[in-house]
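Since the structure comes first, as C-alpha cells, the remarks are kept for the end.
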Amino acid sequence: MNLSSPSESASKEVKTASGGRYGGQGVARQRSCSDGSNYSRRGLPNNSSSSPVLYNPKSVLKRPVSTEELQTPGGPYIKKTFTIVGDAVGWGFVVRGNRPCHIQAVEPSGPAAAAGMKVCQFVVAVNGLNVLDLDYRTVSNLILTGPKTVVMEVMEEMDH
C-alpha cells in the first residue's frame, strides 16, 4: 500500500498550489489517509516549486476534552459506530490530538463522509481496540496497518 513518498513526514499535511479551498484554510484538498498524509493528483501540472510546503493546521476543537468527560454516564456525548471501507487513496479523514484523539478533517467526497463521520468527533475505538489513551500517531498507525475496512467508534457532542 503506497501511502506517501518516503521523504514526506507522516505527521504533516502537504499544501499545494492547485485546486480549490477546503474548510476556509486555503489548502488544495487532496485525498488523505487517516494520519493526514495527502496524495498527489495524477495528470495535473504542478506549477509550484518542486518541494511541497508543510504545515500543521490548528485544532478544530473549541475546547479541550478529557477522556473522563467522554466516558461520564449521562454526559453530553453519544457514541456512534462507523464502518469505513478504504478506497484507492485512503479513508478520507484526518485524526489529530492526544488522549483522546479527534477527527480534524473529513474529505467531503471520501469514504468517511459517506459513512457519516464528522469533524470534532472523538475516537474511542479502532477495530474493537480502545484508543482513548493513545496519541494520534499511534491511532493513525493502527488504521494504516489494519484491514481496508475499519470500524471506528466515536463520541459526538449532542446538540443542545
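Starting from 1 in every chain, residues are counted up; chains themselves are A, B, ... following the order of the C-alpha cells, and ligands are numbered from 1 as listed.
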ask   = Can you list every residue in segment 73-108 of chain A that DSSP puts in strand (DSSP E or B), as a list in words?
value =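 DSSP-assigned strand (DSSP E or B) residues in segment 73-108 of chain A: Tyr77, Ile78, Lys79, Lys80, Thr81, Phe82, Thr83, Ile84, Val85, Asp87, Gly90, Phe93, Val94, Val95, Arg96, Gly97, Asn98, Cys101, His102, Ile103, Gln104, Ala105 and Val106 of chain A.
Between atom CA of Pro147 of chain A and atom CA of Gly86 of chain A there is a distance of 8.8 Å.
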query = Neighbours of Leu129 of chain A within 12 Å (only C-alpha atoms; same-chain residues fewer than 5 positions away dropped), as a ChimeraX atom specification?
reply = /A:123-124,134,138-139,142-143,146,150-153
Selection from above, C-alpha atoms, as a PDB file, in the first residue's frame, can you write it?
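again-v3.pdb, freshly written:
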ATOM      1  CA  VAL A 123     -12.064   8.492  18.540  1.00  0.00           C
ATOM      2  CA  VAL A 124     -12.952   5.853  21.141  1.00  0.00           C
ATOM      3  CA  LEU A 134      -3.342   6.923  22.678  1.00  0.00           C
ATOM      4  CA  THR A 138      -0.438   5.584  17.240  1.00  0.00           C
ATOM      5  CA  VAL A 139      -4.133   5.658  16.254  1.00  0.00           C
ATOM      6  CA  LEU A 142      -3.403   1.244  13.758  1.00  0.00           C
ATOM      7  CA  ILE A 143      -5.686   2.357  10.940  1.00  0.00           C
ATOM      8  CA  GLY A 146      -5.033  -2.681   9.657  1.00  0.00           C
ATOM      9  CA  VAL A 150     -12.036  -0.020   9.542  1.00  0.00           C
ATOM     10  CA  VAL A 151     -14.689   0.045  12.272  1.00  0.00           C
ATOM     11  CA  MET A 152     -14.496   3.317  14.204  1.00  0.00           C
ATOM     12  CA  GLU A 153     -16.308   4.084  17.452  1.00  0.00           C
TER      13      GLU A 153
END
task = Name all residues at most 9 Å from segment 91-103 of chain A (count only C-alpha atoms; drop same-chain ones fewer than 2 positions away) and give them as number ranges by chain.
result = A: 31-37, 59-61, 65-67, 70, 84-89, 105-113, 117-124, 131-137, 139-140, 148-150, 154
ask   = What is the atom CA of Lys62 of chain A to atom CA of Asn141 of chain A distance in Å?
value = 25.8 Å
remark   = One decimal place gives the atom CA of Val126 of chain A-atom CA of Thr83 of chain A separation as 10.0 Å
